[in-house]
$ cat work_32.tsv   # TSV, C-alpha atoms
chain	number	residue	atom	x	y	z
A	1	MET	CA	-118.44	-153.56	173.76
A	2	LEU	CA	-117.60	-156.31	171.26
A	3	LEU	CA	-113.86	-155.79	171.72
A	4	HIS	CA	-114.32	-155.91	175.50
A	5	ARG	CA	-116.10	-159.25	175.26
A	6	LEU	CA	-113.43	-160.61	172.89
A	7	PHE	CA	-110.68	-159.54	175.28
A	8	VAL	CA	-112.47	-161.22	178.20
A	9	GLY	CA	-112.91	-164.37	176.10
A	10	VAL	CA	-109.20	-164.47	175.26
A	11	ARG	CA	-108.32	-164.10	178.94
A	12	LEU	CA	-110.66	-166.96	179.93
A	13	LEU	CA	-109.54	-169.27	177.08
A	14	PRO	CA	-106.44	-170.78	178.81
A	15	GLY	CA	-108.51	-171.62	181.89
A	16	LEU	CA	-111.24	-173.28	179.83
A	17	VAL	CA	-108.71	-175.34	177.88
A	18	SER	CA	-106.95	-176.44	181.09
A	19	GLN	CA	-110.24	-177.30	182.75
A	20	GLY	CA	-111.48	-179.28	179.73
A	21	TRP	CA	-108.18	-181.19	179.44
A	22	THR	CA	-107.84	-182.19	183.12
A	23	ARG	CA	-111.52	-182.64	184.01
A	24	GLN	CA	-112.59	-185.98	185.48
A	25	TYR	CA	-115.42	-187.43	183.39
A	26	GLU	CA	-118.04	-190.01	184.43
A	27	ASP	CA	-120.09	-192.42	182.35
A	28	ALA	CA	-123.25	-190.77	181.03
A	29	ARG	CA	-126.54	-192.14	179.68
A	30	ILE	CA	-128.78	-190.34	177.21
A	31	ILE	CA	-132.45	-191.43	177.09
A	32	LEU	CA	-134.22	-191.14	173.75
A	33	GLU	CA	-137.99	-191.65	173.31
A	34	GLN	CA	-139.48	-192.66	169.99
A	35	ASN	CA	-143.12	-193.84	169.59
A	36	GLY	CA	-143.36	-194.64	173.26
A	37	ASP	CA	-140.15	-196.71	173.20
A	38	LEU	CA	-137.19	-195.67	175.28
A	39	HIS	CA	-133.70	-196.01	173.91
A	40	TYR	CA	-130.57	-195.63	175.97
A	41	LEU	CA	-127.30	-194.26	174.61
A	42	ASN	CA	-124.33	-194.86	176.88
A	43	ILE	CA	-121.33	-192.54	176.59
A	44	SER	CA	-118.31	-193.70	178.57
A	45	ALA	CA	-116.02	-191.35	180.45
A	46	ARG	CA	-113.13	-192.38	178.19
A	47	MET	CA	-115.07	-191.43	175.04
A	48	GLN	CA	-116.04	-188.07	176.54
A	49	ARG	CA	-112.41	-187.38	177.42
A	50	LEU	CA	-111.20	-188.29	173.92
A	51	PHE	CA	-113.88	-186.13	172.30
A	52	VAL	CA	-113.10	-183.05	174.39
A	53	ARG	CA	-109.32	-183.38	174.07
A	54	GLY	CA	-109.61	-184.03	170.35
A	55	GLY	CA	-111.67	-180.88	170.00
A	56	ILE	CA	-109.08	-178.89	171.94
A	57	VAL	CA	-106.23	-180.21	169.74
A	58	SER	CA	-108.20	-179.52	166.56
A	59	ALA	CA	-109.01	-176.01	167.71
A	60	GLY	CA	-105.32	-175.44	168.53
A	61	VAL	CA	-104.19	-176.65	165.11
A	62	LEU	CA	-106.80	-174.48	163.41
A	63	LEU	CA	-105.70	-171.46	165.45
A	64	PHE	CA	-102.06	-172.11	164.55
A	65	MET	CA	-102.94	-172.32	160.84
A	66	VAL	CA	-104.89	-169.06	161.07
A	67	LEU	CA	-101.91	-167.36	162.74
A	68	ALA	CA	-99.50	-168.80	160.14
A	69	LEU	CA	-101.70	-167.54	157.31
A	70	ALA	CA	-101.88	-164.14	158.96
A	71	VAL	CA	-98.08	-163.97	159.30
A	72	THR	CA	-97.65	-165.09	155.68
A	73	SER	CA	-100.13	-162.47	154.52
A	74	VAL	CA	-98.30	-159.73	156.42
A	75	ASN	CA	-94.97	-160.94	155.02
A	76	LEU	CA	-96.33	-160.90	151.47
A	77	MET	CA	-97.69	-157.40	151.97
A	78	TRP	CA	-94.32	-156.26	153.31
A	79	SER	CA	-92.47	-157.89	150.39
A	80	ARG	CA	-94.85	-156.29	147.94
A	81	SER	CA	-94.26	-152.91	149.55
A	82	ARG	CA	-90.49	-153.41	149.28
A	83	LEU	CA	-90.82	-154.42	145.62
A	84	GLU	CA	-92.90	-151.34	144.88
A	85	ARG	CA	-90.33	-149.12	146.60
A	86	SER	CA	-87.59	-150.85	144.60
A	87	HIS	CA	-89.48	-150.22	141.36
A	88	GLU	CA	-89.88	-146.59	142.31
A	89	GLU	CA	-86.14	-146.28	143.00
A	90	VAL	CA	-85.32	-147.93	139.65
A	91	TYR	CA	-87.75	-145.61	137.91
A	92	ARG	CA	-86.17	-142.53	139.52
A	93	ALA	CA	-82.68	-143.83	138.62
A	94	LEU	CA	-83.72	-144.37	135.00
A	95	LEU	CA	-85.20	-140.88	134.82
A	96	SER	CA	-82.05	-139.44	136.36
A	97	SER	CA	-79.86	-141.38	133.91
A	98	ALA	CA	-81.92	-140.23	130.97
A	99	SER	CA	-81.76	-136.65	132.22
A	100	ASP	CA	-77.94	-136.80	132.66
A	101	SER	CA	-77.40	-138.23	129.19
A	102	SER	CA	-79.34	-135.42	127.49
A	103	GLY	CA	-76.38	-133.11	127.70
A	104	GLU	CA	-78.58	-130.12	128.65
A	105	PRO	CA	-78.07	-129.08	132.29
A	106	GLY	CA	-81.30	-128.58	134.16
A	107	GLU	CA	-83.40	-130.12	131.42
A	108	LYS	CA	-85.75	-132.80	132.72
A	109	LEU	CA	-86.77	-135.73	130.59
A	110	SER	CA	-89.76	-137.93	131.07
A	111	MET	CA	-90.23	-141.49	129.85
A	112	ASN	CA	-93.51	-142.98	128.82
A	113	ASP	CA	-94.51	-146.56	129.66
A	114	GLU	CA	-93.28	-147.98	126.33
A	115	GLN	CA	-89.85	-146.43	126.78
A	116	MET	CA	-89.67	-147.71	130.34
A	117	VAL	CA	-90.55	-151.24	129.23
A	118	ALA	CA	-87.99	-151.13	126.41
A	119	LEU	CA	-85.25	-149.87	128.73
A	120	ALA	CA	-86.12	-152.49	131.36
A	121	GLN	CA	-85.98	-155.22	128.69
A	122	THR	CA	-82.56	-153.98	127.57
A	123	ILE	CA	-81.28	-154.10	131.14
A	124	ARG	CA	-82.71	-157.59	131.61
A	125	ASP	CA	-81.12	-158.87	128.38
A	126	ARG	CA	-77.78	-157.42	129.40
A	127	ASP	CA	-78.07	-159.04	132.83
A	128	ILE	CA	-78.81	-162.42	131.22
A	129	SER	CA	-75.78	-162.02	128.92
A	130	ILE	CA	-73.53	-161.19	131.87
A	131	ARG	CA	-74.78	-164.20	133.80
A	132	ARG	CA	-74.16	-166.49	130.81
A	133	PHE	CA	-70.66	-165.08	130.46
A	134	VAL	CA	-70.00	-165.73	134.17
A	135	ASP	CA	-71.27	-169.32	133.86
A	136	THR	CA	-69.13	-169.95	130.76
A	137	SER	CA	-66.09	-168.42	132.44
A	138	MET	CA	-66.63	-170.56	135.53
A	139	VAL	CA	-66.53	-173.71	133.37
A	140	ALA	CA	-63.27	-172.54	131.81
A	141	VAL	CA	-61.79	-171.70	135.22
A	142	SER	CA	-62.85	-175.09	136.58
A	143	GLN	CA	-61.14	-176.86	133.69
A	144	GLU	CA	-58.01	-174.78	134.17
A	145	ASN	CA	-57.99	-175.64	137.88
A	146	SER	CA	-58.15	-179.35	137.09
A	147	SER	CA	-55.24	-178.98	134.65
A	148	MET	CA	-53.11	-177.05	137.17
A	149	LYS	CA	-53.85	-179.57	139.93
A	150	SER	CA	-52.76	-182.36	137.61
A	151	GLN	CA	-49.54	-180.51	136.80
A	152	LEU	CA	-48.79	-179.96	140.48
A	153	GLU	CA	-49.29	-183.66	141.18
A	154	SER	CA	-46.99	-184.64	138.31
A	155	SER	CA	-44.30	-182.23	139.57
A	156	GLY	CA	-44.04	-184.23	142.79
A	157	LEU	CA	-44.81	-181.28	145.05
A	158	THR	CA	-46.34	-182.54	148.27
A	159	GLU	CA	-49.22	-180.81	150.04
A	160	LYS	CA	-46.77	-179.63	152.70
A	161	ILE	CA	-44.56	-177.90	150.12
A	162	VAL	CA	-47.56	-176.31	148.41
A	163	LYS	CA	-48.66	-174.86	151.77
A	164	ILE	CA	-45.16	-173.46	152.32
A	165	ILE	CA	-45.41	-171.54	149.04
A	166	GLN	CA	-48.88	-170.24	149.91
A	167	GLN	CA	-47.83	-169.19	153.41
A	168	ASN	CA	-44.86	-167.27	152.02
A	169	ALA	CA	-47.00	-165.38	149.51
A	170	ALA	CA	-46.92	-161.59	149.68
A	171	ASN	CA	-49.86	-160.01	151.52
A	172	GLY	CA	-51.93	-157.11	150.27
A	173	GLY	CA	-53.02	-156.15	146.79
A	174	PHE	CA	-56.19	-157.52	145.25
A	175	ASN	CA	-58.56	-159.10	147.74
A	176	LEU	CA	-61.03	-161.52	146.17
A	177	ASP	CA	-63.27	-161.50	149.24
A	178	ASP	CA	-63.88	-157.75	148.96
A	179	ASP	CA	-64.78	-158.08	145.30
A	180	VAL	CA	-67.15	-160.98	145.97
A	181	LYS	CA	-69.02	-159.05	148.66
A	182	GLY	CA	-69.80	-156.30	146.17
A	183	ASN	CA	-70.79	-158.56	143.28
A	184	PRO	CA	-73.61	-161.10	143.72
A	185	LEU	CA	-72.56	-162.86	140.51
A	186	LEU	CA	-69.23	-163.88	142.09
A	187	ARG	CA	-70.50	-165.89	145.02
A	188	GLY	CA	-70.97	-169.53	145.91
A	189	LYS	CA	-69.30	-171.98	143.54
A	190	VAL	CA	-67.96	-169.17	141.34
A	191	ALA	CA	-66.12	-167.66	144.30
A	192	ASP	CA	-64.71	-171.06	145.29
A	193	GLU	CA	-63.39	-171.72	141.78
A	194	LEU	CA	-61.85	-168.24	141.52
A	195	ALA	CA	-60.18	-168.59	144.93
A	196	THR	CA	-58.82	-172.02	143.97
A	197	ASN	CA	-57.57	-170.66	140.65
A	198	ARG	CA	-55.77	-167.79	142.32
A	199	SER	CA	-54.19	-170.10	144.89
A	200	LEU	CA	-52.98	-172.58	142.25
A	201	ARG	CA	-51.60	-169.83	140.03
A	202	GLU	CA	-49.78	-168.36	143.02
A	203	VAL	CA	-48.07	-171.69	143.64
A	204	LEU	CA	-47.17	-172.34	140.00
A	205	TYR	CA	-45.93	-168.79	139.32
A	206	ALA	CA	-43.60	-169.09	142.32
A	207	LEU	CA	-41.77	-172.02	140.68
A	208	PRO	CA	-38.61	-171.51	138.57
A	209	SER	CA	-39.39	-171.59	134.86
A	210	SER	CA	-36.00	-171.82	133.11
A	211	MET	CA	-33.00	-174.11	133.25
A	212	PRO	CA	-29.61	-172.64	134.22
A	213	VAL	CA	-28.03	-174.16	131.11
A	214	PRO	CA	-29.94	-173.78	127.78
A	215	ASN	CA	-28.90	-177.08	126.19
A	216	PHE	CA	-27.89	-179.81	128.58
A	217	SER	CA	-27.72	-183.51	129.25
A	218	VAL	CA	-28.48	-185.07	132.63
A	219	THR	CA	-25.64	-187.05	134.18
A	220	SER	CA	-27.38	-187.82	137.46
A	221	ASP	CA	-31.07	-187.38	138.18
A	222	PHE	CA	-32.90	-186.36	141.35
A	223	GLY	CA	-33.64	-189.19	143.78
A	224	ILE	CA	-32.05	-192.30	145.22
A	225	ARG	CA	-28.75	-193.33	143.61
A	226	ARG	CA	-25.38	-194.92	144.36
A	227	HIS	CA	-22.83	-192.29	145.39
A	228	PRO	CA	-20.09	-192.02	142.72
A	229	ILE	CA	-17.32	-191.75	145.34
A	230	SER	CA	-18.42	-193.73	148.41
A	231	GLY	CA	-20.44	-196.28	146.47
A	232	GLN	CA	-23.18	-196.16	149.12
A	233	THR	CA	-26.87	-195.66	148.35
A	234	HIS	CA	-28.06	-192.16	149.20
A	235	PHE	CA	-30.64	-189.58	148.17
A	236	HIS	CA	-29.39	-187.19	145.51
A	237	THR	CA	-31.05	-183.86	146.33
A	238	GLY	CA	-30.35	-182.18	143.01
A	239	LEU	CA	-29.80	-182.58	139.29
A	240	ASP	CA	-26.35	-182.96	137.67
A	241	MET	CA	-26.05	-181.62	134.12
A	242	LEU	CA	-23.56	-180.91	131.35
A	243	SER	CA	-23.72	-178.37	128.54
A	244	GLN	CA	-24.16	-179.90	125.07
A	245	THR	CA	-23.12	-176.78	123.14
A	246	GLY	CA	-19.95	-175.84	124.98
A	247	ASP	CA	-21.60	-172.80	126.57
A	248	GLU	CA	-20.67	-173.28	130.21
A	249	LYS	CA	-22.27	-170.11	131.58
A	250	VAL	CA	-24.70	-170.79	134.45
A	251	HIS	CA	-27.80	-168.56	134.69
A	252	ALA	CA	-30.29	-168.09	137.51
A	253	VAL	CA	-33.45	-170.18	137.10
A	254	LYS	CA	-35.61	-167.29	138.34
A	255	PRO	CA	-35.13	-163.66	139.41
A	256	GLY	CA	-34.03	-163.29	143.02
A	257	VAL	CA	-31.34	-162.15	145.44
A	258	VAL	CA	-27.99	-163.86	146.06
A	259	VAL	CA	-27.91	-165.00	149.68
A	260	LEU	CA	-24.73	-167.11	149.48
A	261	ALA	CA	-21.70	-166.93	147.20
A	262	GLN	CA	-18.65	-168.76	148.59
A	263	PHE	CA	-16.57	-171.92	148.53
A	264	HIS	CA	-17.96	-175.06	150.20
A	265	ALA	CA	-15.85	-178.09	151.08
A	266	GLN	CA	-18.08	-180.59	149.26
A	267	TYR	CA	-19.97	-178.37	146.82
A	268	GLY	CA	-16.98	-176.25	145.85
A	269	ASN	CA	-17.82	-172.81	144.48
A	270	MET	CA	-21.48	-172.45	145.37
A	271	VAL	CA	-24.17	-169.82	144.82
A	272	VAL	CA	-27.59	-169.75	146.46
A	273	VAL	CA	-30.32	-167.45	145.11
A	274	ARG	CA	-33.46	-166.69	147.13
A	275	HIS	CA	-36.62	-166.21	145.11
A	276	THR	CA	-40.20	-165.41	146.20
A	277	ASN	CA	-42.59	-167.61	148.24
A	278	GLY	CA	-39.85	-169.49	150.11
A	279	VAL	CA	-38.18	-170.84	146.94
A	280	GLU	CA	-34.37	-171.02	146.68
A	281	SER	CA	-31.99	-172.37	144.04
A	282	LEU	CA	-28.49	-173.75	144.65
A	283	TYR	CA	-25.66	-174.01	142.08
A	284	ALA	CA	-22.61	-176.09	143.01
A	285	HIS	CA	-19.18	-177.16	141.65
A	286	LEU	CA	-18.82	-173.87	139.73
A	287	ALA	CA	-15.45	-173.08	138.16
A	288	ASN	CA	-15.80	-169.48	139.38
A	289	ILE	CA	-18.31	-167.21	141.13
A	290	ALA	CA	-19.46	-164.19	139.13
A	291	VAL	CA	-21.80	-162.65	141.71
A	292	LYS	CA	-21.56	-161.48	145.29
A	293	LEU	CA	-23.80	-161.55	148.35
A	294	GLY	CA	-26.83	-159.24	148.00
A	295	ASP	CA	-26.78	-159.03	144.20
A	296	LYS	CA	-30.16	-158.96	142.48
A	297	VAL	CA	-30.18	-161.39	139.57
A	298	THR	CA	-32.49	-162.24	136.66
A	299	ASN	CA	-32.75	-165.18	134.28
A	300	ASP	CA	-30.08	-163.55	132.12
A	301	SER	CA	-27.61	-163.05	134.98
A	302	VAL	CA	-24.49	-165.22	134.89
A	303	LEU	CA	-23.68	-166.76	138.27
A	304	GLY	CA	-20.49	-168.50	137.15
A	305	ASN	CA	-19.28	-171.26	134.84
A	306	ILE	CA	-19.67	-175.03	134.99
A	307	GLY	CA	-16.69	-176.55	136.84
A	308	SER	CA	-15.53	-179.41	139.02
A	309	THR	CA	-14.75	-177.85	142.39
A	310	GLY	CA	-15.45	-179.45	145.75
A	311	SER	CA	-14.62	-182.87	147.22
A	312	SER	CA	-17.84	-184.55	145.99
A	313	SER	CA	-17.26	-183.72	142.32
A	314	THR	CA	-15.96	-186.44	139.97
A	315	GLY	CA	-15.87	-184.31	136.82
A	316	LYS	CA	-17.01	-181.08	135.22
A	317	HIS	CA	-20.77	-180.60	135.74
A	318	LEU	CA	-23.33	-178.36	137.38
A	319	HIS	CA	-25.20	-179.54	140.45
A	320	LEU	CA	-28.58	-177.76	140.65
A	321	GLU	CA	-30.94	-177.87	143.62
A	322	ILE	CA	-34.38	-176.30	144.03
A	323	LEU	CA	-35.44	-175.93	147.65
A	324	ILE	CA	-38.87	-174.85	148.93
A	325	GLY	CA	-38.96	-174.02	152.60
A	326	GLY	CA	-35.62	-175.84	152.88
A	327	TYR	CA	-36.99	-179.05	151.33
A	328	PRO	CA	-35.37	-180.23	148.06
A	329	VAL	CA	-37.70	-180.92	145.11
A	330	ASN	CA	-37.07	-182.39	141.67
A	331	PRO	CA	-35.64	-179.46	139.65
A	332	GLN	CA	-36.46	-180.87	136.22
A	333	LYS	CA	-40.10	-181.69	137.03
A	334	VAL	CA	-40.70	-178.40	138.83
A	335	ILE	CA	-39.25	-176.30	136.01
A	336	ARG	CA	-41.16	-178.26	133.35
A	337	THR	CA	-44.40	-177.69	135.28
A	338	ALA	CA	-43.77	-173.93	135.46
A	339	GLN	CA	-42.91	-173.84	131.74
A	340	TYR	CA	-46.17	-175.63	130.90
A	341	VAL	CA	-48.19	-173.07	132.86
A	342	GLN	CA	-46.38	-170.20	131.09
A	343	GLN	CA	-47.16	-171.74	127.70
A	344	ILE	CA	-50.88	-171.90	128.60
A	345	GLN	CA	-50.84	-168.29	129.74
A	346	ASN	CA	-49.07	-167.13	126.55
A	347	LYS	CA	-51.71	-168.91	124.43
A	348	GLN	CA	-54.48	-167.15	126.36
A	349	LEU	CA	-52.83	-163.77	125.74
$ encode --input "work_32.tsv" --output "structure tokens"
Amino acid sequence: MLLHRLFVGVRLLPGLVSQGWTRQYEDARIILEQNGDLHYLNISARMQRLFVRGGIVSAGVLLFMVLALAVTSVNLMWSRSRLERSHEEVYRALLSSASDSSGEPGEKLSMNDEQMVALAQTIRDRDISIRRFVDTSMVAVSQENSSMKSQLESSGLTEKIVKIIQQNAANGGFNLDDDVKGNPLLRGKVADELATNRSLREVLYALPSSMPVPNFSVTSDFGIRRHPISGQTHFHTGLDMLSQTGDEKVHAVKPGVVVLAQFHAQYGNMVVVRHTNGVESLYAHLANIAVKLGDKVTNDSVLGNIGSTGSSSTGKHLHLEILIGGYPVNPQKVIRTAQYVQQIQNKQL
């Protein structure tokens, strides 16, 4: 009977609220008698309207708060139930682990409360240690990222060239995103730093790391210069060098595949080696060509000897170019940057 009345009251509530809110009120007078004296209390229609509407709003706010508290209470009860189930699962896992480690098949082990607390404390301490290690490692990775960014800037590589290297990177292999999804410790800022570190290393490891001539002197640097033959100002896209020890063998600056090995009118005997990530190296004015098209070469491979072939040569020297996506970059700066990164990696090992 009580539930029936409550249900009827809930059904009538919207109508009562609407009627109280839109009702037209009139001025009212209340007569009070005290010791034979009459007192009149006037209540205006406006005051009646404000009182009723204020009561409706207050009741609505109170009802909303009651509902919010009810929802919060249910949510807390649900969370508590989940936590209890989680504790039960952990407890079962610990019992199972203890049983497996006994070495006796079929033998069941039980753990008392003190052993459970001790094991839980050990797990907690180990978790804290792992988290501290991750935080410390993130600081080290962040510092390394700053150093590598600085080296890339000093090498003169533009953002466009860096993107070319990244776009030409090999697909497949280790996927950081998959590892992050399975490890909550490697998310957020940690994941961003690790992704940045991998991207920067990918760019720097793609760069050539050795000079084609061990001991050399630079006769003409990369950049704007006056052409030695025409006398006109032009952009020198490579680096001209001479051997200081008399060893005139020219080596590849990085492992790769020979994609061109022939005579060129201006560059003379010329070899072009294609490396990874869109990087190529060009060797010009060679006295001879010691490789052929399609050969796989390493840093120890001899491509030819320093010479003075081609119409743009004014004397014996090697003209070296490093091209990334077809764009020439400063060979000396790029190779020095790659050597610096290798030195850091060797120290870490």
$ closest_residue --input "work_32.tsv" --among "A:Ala195, A:Leu286, A:Ala206, A:Val329" --to "Phe235 in chain A" --atoms "all atoms listed in the file"
A:Val329
$ closest_residue --input "work_32.tsv" --among "A:Ser154, A:Asn168, A:Asn269, A:Ser137" --to "Thr337 in chain A" --atoms "all atoms listed in the file"
A:Ser154
$ atom_distance --input "work_32.tsv" --atom1 "CA of Thr309 in chain A" --atom2 "CA of Asp240 in chain A"
13.5 Å
$ axis_aligned_box --input "work_32.tsv" --around "range 307-323 of chain A" --padding-each-side "5 Å" --output "JSON"
{"center_x": -25.0, "center_y": -181.2, "center_z": 141.4, "size_x": 30.8, "size_y": 20.5, "size_z": 22.4}
$ residues_near_point --input "work_32.tsv" --point "(-38.8, -183.5, 134.3)" --cutoff "12 Å" --atoms "only C-alpha atoms" --output "ChimeraX atom specification"
/A:151,154-156,209,211,218,221-222,239,329-340
$ residues_around --input "work_32.tsv" --residues "Val297 in chain A" --least-positions-apart "6" --cutoff "10 Å" --atoms "all atoms listed in the file" --output "ChimeraX atom specification"
/A:251-258,273-275,291,303
$ atom_distance --input "work_32.tsv" --atom1 "CA of His236 in chain A" --atom2 "CA of Gly223 in chain A"
5.0 Å
$ atom_distance --input "work_32.tsv" --atom1 "CA of Pro228 in chain A" --atom2 "CA of Met241 in chain A"
14.8 Å
$ closest_residue --input "work_32.tsv" --among "A:Glu153, A:Asp37, A:Met148, A:Glu26" --to "Arg49 in chain A" --atoms "only C-alpha atoms"
A:Glu26
$ closest_residue --input "work_32.tsv" --among "A:Asp295, A:Glu193, A:Glu321, A:Glu202" --to "Glu280 in chain A" --atoms "only C-alpha atoms"
A:Glu321
$ residues_around --input "work_32.tsv" --residues "Leu282 in chain A" --least-positions-apart "5" --cutoff "6 Å" --atoms "only C-alpha atoms" --output "ChimeraX atom specification"
/A:271-272,320-321
